[in-house]
$ cat data_20.txt   # compact mmCIF, C-alpha atoms
# COMPACT_ATOMS: atom_id res chain seq x y z
CA MET A 274 26.50 7.02 55.47
CA ARG A 275 22.99 8.13 56.52
CA GLN A 276 22.55 11.68 57.64
CA ASN A 277 20.92 12.46 60.93
CA ALA A 278 17.20 12.92 60.24
CA SER A 279 17.05 15.62 62.89
CA ASN A 280 17.76 19.04 61.41
CA PRO A 281 18.05 21.83 64.01
CA GLU A 282 17.73 24.54 61.37
CA SER A 283 14.54 22.97 60.00
CA GLY A 284 13.10 22.80 63.51
CA GLU A 285 13.95 26.43 64.15
CA ARG A 286 12.31 27.49 60.90
CA GLU A 287 9.16 25.52 61.75
CA GLU A 288 8.99 27.05 65.21
CA LYS A 289 9.55 30.54 63.78
CA SER A 290 6.77 29.94 61.24
CA LYS A 291 4.37 28.91 64.03
CA VAL A 292 5.21 32.04 66.02
CA GLN A 293 4.68 34.25 62.97
CA GLY A 294 1.37 32.53 62.22
CA SER A 295 0.23 33.07 65.79
CA GLN A 296 1.21 36.74 65.62
CA THR A 297 -0.68 37.18 62.35
CA LEU A 298 -3.78 35.60 63.86
CA GLN A 299 -3.50 37.82 66.92
CA ARG A 300 -3.17 40.91 64.76
CA GLY A 301 -6.20 39.90 62.74
CA LEU A 302 -8.26 39.52 65.92
CA ASP A 303 -6.96 42.86 67.22
CA LEU A 304 -7.95 44.45 63.93
CA LEU A 305 -11.52 43.17 64.30
CA ASP A 306 -11.67 44.76 67.74
CA GLN A 307 -10.79 48.13 66.21
CA VAL A 308 -13.74 47.95 63.81
CA ILE A 309 -16.40 47.21 66.44
CA ASP A 310 -17.53 50.84 66.73
CA GLY A 311 -18.24 51.29 63.02
CA PRO A 312 -16.50 52.06 59.72
CA ILE A 313 -12.88 53.11 60.02
CA LYS A 314 -10.53 54.33 57.30
CA LEU A 315 -7.24 52.63 56.58
CA ALA A 316 -5.08 55.48 57.90
CA ASP A 317 -6.92 55.54 61.24
CA LEU A 318 -6.92 51.76 61.45
CA SER A 319 -3.19 51.67 60.81
CA ALA A 320 -2.58 54.24 63.54
CA ARG A 321 -4.70 52.35 66.07
CA MET A 322 -2.96 49.08 65.26
CA GLY A 323 0.51 50.62 65.36
CA LEU A 324 1.30 48.98 62.04
CA THR A 325 2.36 50.29 58.65
CA ARG A 326 -0.38 51.06 56.15
CA SER A 327 0.79 48.21 53.90
CA THR A 328 0.67 45.62 56.69
CA THR A 329 -2.71 46.87 57.88
CA HIS A 330 -4.04 46.85 54.33
CA ARG A 331 -2.86 43.25 53.82
CA LEU A 332 -4.48 42.05 57.04
CA ALA A 333 -7.73 43.90 56.34
CA ASN A 334 -7.97 42.57 52.79
CA ALA A 335 -7.47 39.00 54.01
CA LEU A 336 -10.40 39.49 56.39
CA VAL A 337 -12.49 41.03 53.60
CA GLU A 338 -11.84 37.98 51.41
CA ARG A 339 -13.15 35.69 54.15
CA GLY A 340 -16.19 37.86 54.86
CA PHE A 341 -15.13 39.01 58.32
CA LEU A 342 -14.90 42.60 57.08
CA ILE A 343 -16.38 44.60 54.23
CA PHE A 344 -14.91 47.72 52.65
CA LEU A 345 -17.10 50.76 52.00
CA PRO A 346 -15.70 53.40 49.60
CA ARG A 347 -15.06 56.75 51.32
CA GLU A 348 -15.98 55.21 54.71
CA GLY A 349 -13.52 52.38 55.29
CA TYR A 350 -13.77 48.94 56.87
CA GLN A 351 -16.62 47.58 58.93
CA LEU A 352 -17.67 44.19 60.29
CA GLY A 353 -18.78 41.72 57.62
CA PRO A 354 -21.52 39.10 57.14
CA LYS A 355 -19.38 36.17 58.27
CA LEU A 356 -19.42 37.52 61.80
CA LEU A 357 -23.21 37.79 61.69
CA GLN A 358 -23.40 34.18 60.57
CA LEU A 359 -21.01 32.95 63.25
CA GLY A 360 -22.78 34.98 65.91
CA PHE A 361 -26.14 33.55 64.94
CA LEU A 362 -24.78 29.99 64.90
CA ALA A 363 -23.03 30.42 68.24
CA GLN A 364 -26.19 31.82 69.78
CA SER A 365 -28.41 29.06 68.42
CA GLN A 366 -26.00 26.33 69.53
CA ALA A 367 -25.60 27.76 72.99
CA ASP A 368 -29.34 28.12 73.35
CA VAL A 369 -30.25 24.57 72.36
CA VAL A 370 -27.51 23.06 74.54
CA GLN A 371 -28.54 25.12 77.54
CA ILE A 372 -32.24 24.49 77.03
CA ALA A 373 -31.81 20.78 76.40
CA ARG A 374 -29.42 20.05 79.29
CA PRO A 375 -31.93 19.48 82.13
CA HIS A 376 -34.11 17.32 79.90
CA LEU A 377 -31.12 15.24 78.80
CA GLU A 378 -30.05 14.79 82.41
CA ALA A 379 -33.52 13.61 83.36
CA LEU A 380 -33.58 11.09 80.51
CA ALA A 381 -30.10 9.81 81.41
CA THR A 382 -31.12 9.39 85.06
CA LEU A 383 -34.33 7.60 84.13
CA SER A 384 -32.72 5.21 81.66
CA GLU A 385 -29.19 4.93 83.15
CA ASP A 386 -27.95 5.06 79.55
CA THR A 387 -25.89 7.58 77.55
CA VAL A 388 -27.73 10.54 76.04
CA HIS A 389 -26.55 12.73 73.15
CA LEU A 390 -27.63 16.02 71.61
CA GLY A 391 -26.60 16.93 68.07
CA ARG A 392 -27.41 19.03 65.06
CA LEU A 393 -26.89 18.94 61.32
CA ASP A 394 -23.47 20.11 60.09
CA GLY A 395 -23.36 19.83 56.31
CA ASP A 396 -23.92 16.16 55.54
CA GLN A 397 -22.92 14.99 59.01
CA ALA A 398 -24.28 14.96 62.54
CA LEU A 399 -22.35 17.20 64.94
CA TYR A 400 -22.51 16.10 68.59
CA LEU A 401 -23.13 19.11 70.85
CA ASP A 402 -23.58 17.43 74.24
CA LYS A 403 -23.19 14.04 75.89
CA ILE A 404 -24.25 12.69 79.26
CA ALA A 405 -22.66 9.35 80.11
CA GLY A 406 -24.86 6.58 81.46
CA ARG A 407 -24.39 4.70 84.71
CA ARG A 408 -23.85 1.34 83.04
CA ARG A 409 -20.35 0.09 82.30
CA VAL A 410 -20.71 0.68 78.58
CA ASP A 411 -17.96 2.34 76.56
CA ILE A 412 -19.46 4.58 73.85
CA SER A 413 -16.73 6.27 71.84
CA SER A 414 -18.61 9.45 70.89
CA ARG A 415 -17.35 12.82 72.11
CA ILE A 416 -18.69 16.36 72.06
CA GLY A 417 -17.53 17.92 68.81
CA ASP A 418 -17.46 14.62 66.93
CA ARG A 419 -19.08 14.39 63.52
CA HIS A 420 -20.74 11.15 62.44
CA PRO A 421 -22.50 9.94 59.29
CA LEU A 422 -26.19 10.74 59.07
CA THR A 423 -27.40 7.48 57.58
CA SER A 424 -25.80 5.10 60.09
CA THR A 425 -26.54 6.92 63.37
CA GLY A 426 -29.88 7.16 65.10
CA LEU A 427 -29.30 10.84 65.77
CA GLY A 428 -28.40 11.47 62.13
CA LYS A 429 -31.50 9.70 60.87
CA ALA A 430 -33.66 11.75 63.25
CA LEU A 431 -32.18 14.91 61.73
CA MET A 432 -33.28 13.71 58.26
CA LEU A 433 -36.88 12.75 58.99
CA ASP A 434 -38.30 15.78 57.16
CA ASP A 435 -36.04 15.41 54.12
CA PRO A 436 -37.26 14.02 50.78
CA GLU A 437 -36.35 10.44 49.93
CA ALA A 438 -34.16 11.65 47.09
CA LYS A 439 -31.87 13.24 49.67
CA TRP A 440 -31.88 10.10 51.80
CA THR A 441 -30.79 8.07 48.79
CA ARG A 442 -28.07 10.54 47.82
CA LEU A 443 -26.59 10.53 51.31
CA LEU A 444 -26.77 6.76 51.64
CA GLU A 445 -25.02 6.23 48.32
CA ALA A 446 -22.33 8.76 49.23
CA GLU A 447 -21.65 7.04 52.53
CA ARG A 448 -21.65 3.61 50.90
CA GLU A 449 -19.04 4.84 48.42
CA ALA A 450 -16.99 6.28 51.28
CA GLY A 451 -17.19 2.94 53.08
CA THR A 452 -18.87 4.40 56.17
CA HIS A 453 -22.16 2.53 55.75
CA ASN A 454 -22.95 -0.68 53.87
CA ALA A 455 -26.68 -0.97 54.47
CA ASP A 456 -29.00 -2.57 51.95
CA SER A 457 -30.73 0.37 50.28
CA ALA A 458 -34.23 -1.13 50.12
CA THR A 459 -34.18 -2.23 53.76
CA TRP A 460 -32.74 1.07 54.94
CA LEU A 461 -35.33 3.14 53.04
CA GLU A 462 -38.19 1.04 54.38
CA ARG A 463 -36.95 1.54 57.91
CA MET A 464 -36.65 5.30 57.33
CA ARG A 465 -40.29 5.47 56.23
CA GLY A 466 -41.23 3.72 59.45
CA TYR A 467 -39.12 6.13 61.47
CA VAL A 468 -40.99 9.05 59.90
CA ARG A 469 -44.30 7.45 60.78
CA ASP A 470 -43.24 6.81 64.39
CA GLY A 471 -41.45 10.13 64.93
CA ARG A 472 -38.20 8.50 66.04
CA SER A 473 -35.29 6.53 64.61
CA PHE A 474 -33.02 3.65 65.57
CA ASP A 475 -29.34 2.80 65.24
CA LEU A 476 -29.19 -0.99 65.00
CA GLU A 477 -25.43 -1.40 65.51
CA GLU A 478 -24.85 0.40 62.20
CA ASN A 479 -22.45 3.05 63.48
CA GLU A 480 -20.65 1.16 66.25
CA ASP A 481 -20.55 -2.59 66.93
CA GLN A 482 -22.72 -3.75 69.81
CA ILE A 483 -24.18 -0.27 70.34
CA ARG A 484 -27.83 0.52 69.70
CA CYS A 485 -29.77 3.72 70.18
CA VAL A 486 -33.18 5.39 69.98
CA ALA A 487 -33.31 8.97 68.67
CA ALA A 488 -35.89 11.69 68.03
CA PRO A 489 -35.89 15.13 66.39
CA VAL A 490 -36.00 18.49 68.17
CA ARG A 491 -38.00 21.25 66.46
CA ASP A 492 -38.10 25.02 66.76
CA ALA A 493 -41.10 27.36 66.70
CA SER A 494 -41.42 27.00 62.92
CA GLY A 495 -41.63 23.21 63.15
CA ALA A 496 -38.25 22.72 61.48
CA ILE A 497 -35.86 20.10 62.84
CA VAL A 498 -32.96 21.99 64.43
CA ALA A 499 -31.40 19.22 66.51
CA ALA A 500 -31.92 15.66 67.67
CA ILE A 501 -31.36 13.59 70.78
CA SER A 502 -30.37 9.95 71.12
CA LEU A 503 -30.24 7.41 73.92
CA SER A 504 -27.51 4.80 73.45
CA SER A 505 -26.41 1.64 75.20
CA ALA A 506 -24.89 -1.78 74.62
CA ALA A 507 -26.99 -4.15 72.55
CA GLN A 508 -27.40 -6.45 75.56
CA TYR A 509 -29.38 -3.70 77.28
CA MET A 510 -31.20 -2.59 74.11
CA ASP A 511 -33.16 -5.50 72.70
CA ASP A 512 -36.08 -4.77 70.39
CA GLU A 513 -38.58 -4.76 73.24
CA ARG A 514 -36.68 -2.20 75.31
CA MET A 515 -36.04 0.01 72.27
CA ALA A 516 -39.77 0.07 71.61
CA ALA A 517 -40.45 0.90 75.25
CA LEU A 518 -37.86 3.68 75.28
CA SER A 519 -39.22 5.25 72.10
CA GLY A 520 -41.94 7.07 74.00
CA GLU A 521 -39.50 8.44 76.60
CA VAL A 522 -37.09 9.68 73.94
CA ARG A 523 -39.87 11.27 71.89
CA ASP A 524 -41.33 12.93 74.97
CA THR A 525 -37.94 14.35 75.94
CA ALA A 526 -37.37 15.70 72.43
CA GLN A 527 -40.82 17.29 72.47
CA LYS A 528 -40.16 18.95 75.83
CA ILE A 529 -36.99 20.50 74.42
CA SER A 530 -38.92 21.52 71.30
CA ALA A 531 -41.61 23.15 73.44
CA ASP A 532 -38.94 25.16 75.24
CA LEU A 533 -37.77 26.32 71.79
CA GLY A 534 -41.30 27.53 70.96
CA TRP A 535 -42.68 24.50 69.12
CA THR A 536 -46.26 23.34 69.54
CA PRO A 537 -47.85 20.13 68.19
CA ALA A 538 -50.14 22.21 65.98
CA VAL A 539 -47.11 23.44 63.99
CA LYS A 540 -46.42 21.11 61.10
CA PRO A 541 -43.08 20.91 59.25
CA SER A 542 -43.07 22.56 55.84
CA ARG A 543 -41.27 19.69 54.14
CA ARG A 544 -42.19 16.01 54.20
CA PRO A 545 -40.48 13.03 52.58
CA ALA A 546 -41.71 12.16 49.12
CA ARG A 547 -43.54 8.85 49.03
CA ARG A 548 -42.95 6.12 46.53
$ encode --input "data_20.txt" --output "C-alpha cells"
Amino acid sequence: MRQNASNPESGEREEKSKVQGSQTLQRGLDLLDQVIDGPIKLADLSARMGLTRSTTHRLANALVERGFLIFLPREGYQLGPKLLQLGFLAQSQADVVQIARPHLEALATLSEDTVHLGRLDGDQALYLDKIAGRRRVDISSRIGDRHPLTSTGLGKALMLDDPEAKWTRLLEAEREAGTHNADSATWLERMRGYVRDGRSFDLEENEDQIRCVAAPVRDASGAIVAAISLSSAAQYMDDERMAALSGEVRDTAQKISADLGWTPAVKPSRRPARR
C-alpha cells in the first residue's frame, strides 16, 4: 500500500527552516546597520543587537567571509569592500538607466518598435530597461533577463571593443552550451563589419522571427559600459530598414554616451585584433 506523499511534519520543518533563514537574513542586515558609524567591538555589537556574543560573532564572521565586513584587531568590525563594490554598481546602473530613459523613449516613439538597454554581466548581457513598441509584436525579453552575447544584437554591441580571441572563446562556449549554432567564419566576418560600422545586428539568432539593430554606449573614458537595441518582427525589419535604422540607433547611443561624458575625440583603449 502506497503511503501518502504529503507529510505534515516535513512541511512544518520546511516552513520552520524558511522562517529561521529569514530571521538570520534580517539579523545580518540589522548587524550591518550597527556598523555604519565606524568600527565597533564585538561586545558593543552584541549589546546593540541584543544577541549573545557567540551568535553575534557567528553572524559577523559570515559577513566577513563574504566581504560585507572586515575585522580590525583592537578596533572591531567595520563595513567591507563588497559593500563598496555593490554601491558603485548600483550607482552606475541607476545612472545609466536614468540618463538613457528619455533617449530610449524617443527612439521607441520614432520607430514604433521595442527598445532595450543592457550592460555586460560576466559573459552575458543583462537587460536593464525595456520600452515596448506600438506594433503587435511579442518580444519575450524582460528587465533582469540575461542573454548570450554572441547571438543578441545588444550582446554583440557590448563586445565591439574586445579582441577577436575573446569573440571566438565566447562563441565556442555558447556553441557547446547549445545556445548559438552560428558558423564561426560567417559570424566573425559579420563582427568585423559591425566594428567598422559602429553597430551590430541580431538576424533572428536569439529569437525566431525577431531582428534587431544595436549600438554601444560609452562613458567619458571611451569604454563601452552599456548598449541599446531596437527590436521588431522580421516582417518589419528587412535588410533595407535595418540599414536605415542603423543611423538612428547609433545616434541615440551617442546621445546617451554624451550624457555620460563621452566625446567623439575619445577613442577606446582596446580594439579587436585583426587577422
$ atom_distance --input "data_20.txt" --atom1 "atom CA of Ser473 of chain A" --atom2 "atom CA of Arg407 of chain A"
22.9 Å
$ closest_residue --input "data_20.txt" --among "A:Ala531, A:Ile497, A:Ile313, A:Met464" --to "Pro346 of chain A" --atoms "all atoms listed in the file"
A:Ile313
$ residues_around --input "data_20.txt" --residues "Ile309 of chain A" --least-positions-apart "2" --cutoff "12 Å" --atoms "only C-alpha atoms" --output "mmCIF file with C-alpha atoms, keeping the file's coordinate frame"
data_model
loop_
_atom_site.group_PDB
_atom_site.id
_atom_site.type_symbol
_atom_site.label_atom_id
_atom_site.label_comp_id
_atom_site.auth_asym_id
_atom_site.auth_seq_id
_atom_site.Cartn_x
_atom_site.Cartn_y
_atom_site.Cartn_z
ATOM 1 C CA LEU A 302 -8.260 39.520 65.920
ATOM 2 C CA ASP A 303 -6.960 42.860 67.220
ATOM 3 C CA LEU A 304 -7.950 44.450 63.930
ATOM 4 C CA LEU A 305 -11.520 43.170 64.300
ATOM 5 C CA ASP A 306 -11.670 44.760 67.740
ATOM 6 C CA GLN A 307 -10.790 48.130 66.210
ATOM 7 C CA GLY A 311 -18.240 51.290 63.020
ATOM 8 C CA PRO A 312 -16.500 52.060 59.720
ATOM 9 C CA ILE A 313 -12.880 53.110 60.020
ATOM 10 C CA LEU A 318 -6.920 51.760 61.450
ATOM 11 C CA PHE A 341 -15.130 39.010 58.320
ATOM 12 C CA LEU A 342 -14.900 42.600 57.080
ATOM 13 C CA TYR A 350 -13.770 48.940 56.870
ATOM 14 C CA GLN A 351 -16.620 47.580 58.930
ATOM 15 C CA LEU A 352 -17.670 44.190 60.290
ATOM 16 C CA GLY A 353 -18.780 41.720 57.620
ATOM 17 C CA LEU A 356 -19.420 37.520 61.800
#
$ residues_around --input "data_20.txt" --residues "Val539 of chain A" --least-positions-apart "4" --cutoff "10 Å" --atoms "only C-alpha atoms" --output "list of chain:residue names"
A:Arg491, A:Asp492, A:Ala493, A:Ser494, A:Gly495, A:Ala496, A:Gly534, A:Trp535
$ closest_residue --input "data_20.txt" --among "A:Met515, A:Met322, A:Leu533, A:Leu431" --to "Gln366 of chain A" --atoms "only C-alpha atoms"
A:Leu533
$ closest_residue --input "data_20.txt" --among "A:Pro489, A:Gly301, A:Gly360, A:Gly406" --to "Ala379 of chain A" --atoms "all atoms listed in the file"
A:Gly406
$ residues_near_point --input "data_20.txt" --point "(-24.3, 6.6, 76.6)" --cutoff "12 Å" --atoms "only C-alpha atoms" --output "PyMOL selection string"
chain A and resi 377-378+380-382+384-390+402-415+483-486+501-507+509-510
$ atom_distance --input "data_20.txt" --atom1 "atom CA of Arg523 of chain A" --atom2 "atom CA of Ala488 of chain A"
5.6 Å
$ atom_distance --input "data_20.txt" --atom1 "atom CA of Thr425 of chain A" --atom2 "atom CA of Pro537 of chain A"
25.5 Å
$ closest_residue --input "data_20.txt" --among "A:Leu399, A:Ala516, A:Ile372, A:Ala363" --to "Pro421 of chain A" --atoms "all atoms listed in the file"
A:Leu399
$ closest_residue --input "data_20.txt" --among "A:Glu447, A:Glu462, A:Glu348, A:Asp512" --to "Asn479 of chain A" --atoms "all atoms listed in the file"
A:Glu447
$ residues_around --input "data_20.txt" --residues "Leu393 of chain A" --least-positions-apart "5" --cutoff "9 Å" --atoms "all atoms listed in the file" --output "list in words"
Ala398, Leu399, Tyr400, Leu422, Gly428, Leu431, Met432, Val498, Ala499 and Ala500 of chain A
$ closest_residue --input "data_20.txt" --among "A:Leu433, A:Ala438, A:Gly417, A:Pro541" --to "Arg469 of chain A" --atoms "only C-alpha atoms"
A:Leu433
$ axis_aligned_box --input "data_20.txt" --around "segment 481-499 of chain A" --padding-each-side "3 Å" --output "AutoDock Vina command-line options"
--center_x -31.1 --center_y 11.8 --center_z 65.9 --size_x 27.1 --size_y 37.1 --size_z 14.9
$ residues_around --input "data_20.txt" --residues "Lys355 of chain A" --least-positions-apart "3" --cutoff "7 Å" --atoms "only C-alpha atoms" --output "PyMOL selection string"
chain A and resi 340-341+358-359
$ residues_around --input "data_20.txt" --residues "Asn454 of chain A" --least-positions-apart "6" --cutoff "12 Å" --atoms "all atoms listed in the file" --output "JSON, numbers by chain"
{"A": [421, 423, 424, 444, 445, 446, 447, 448, 460, 477, 478, 479]}
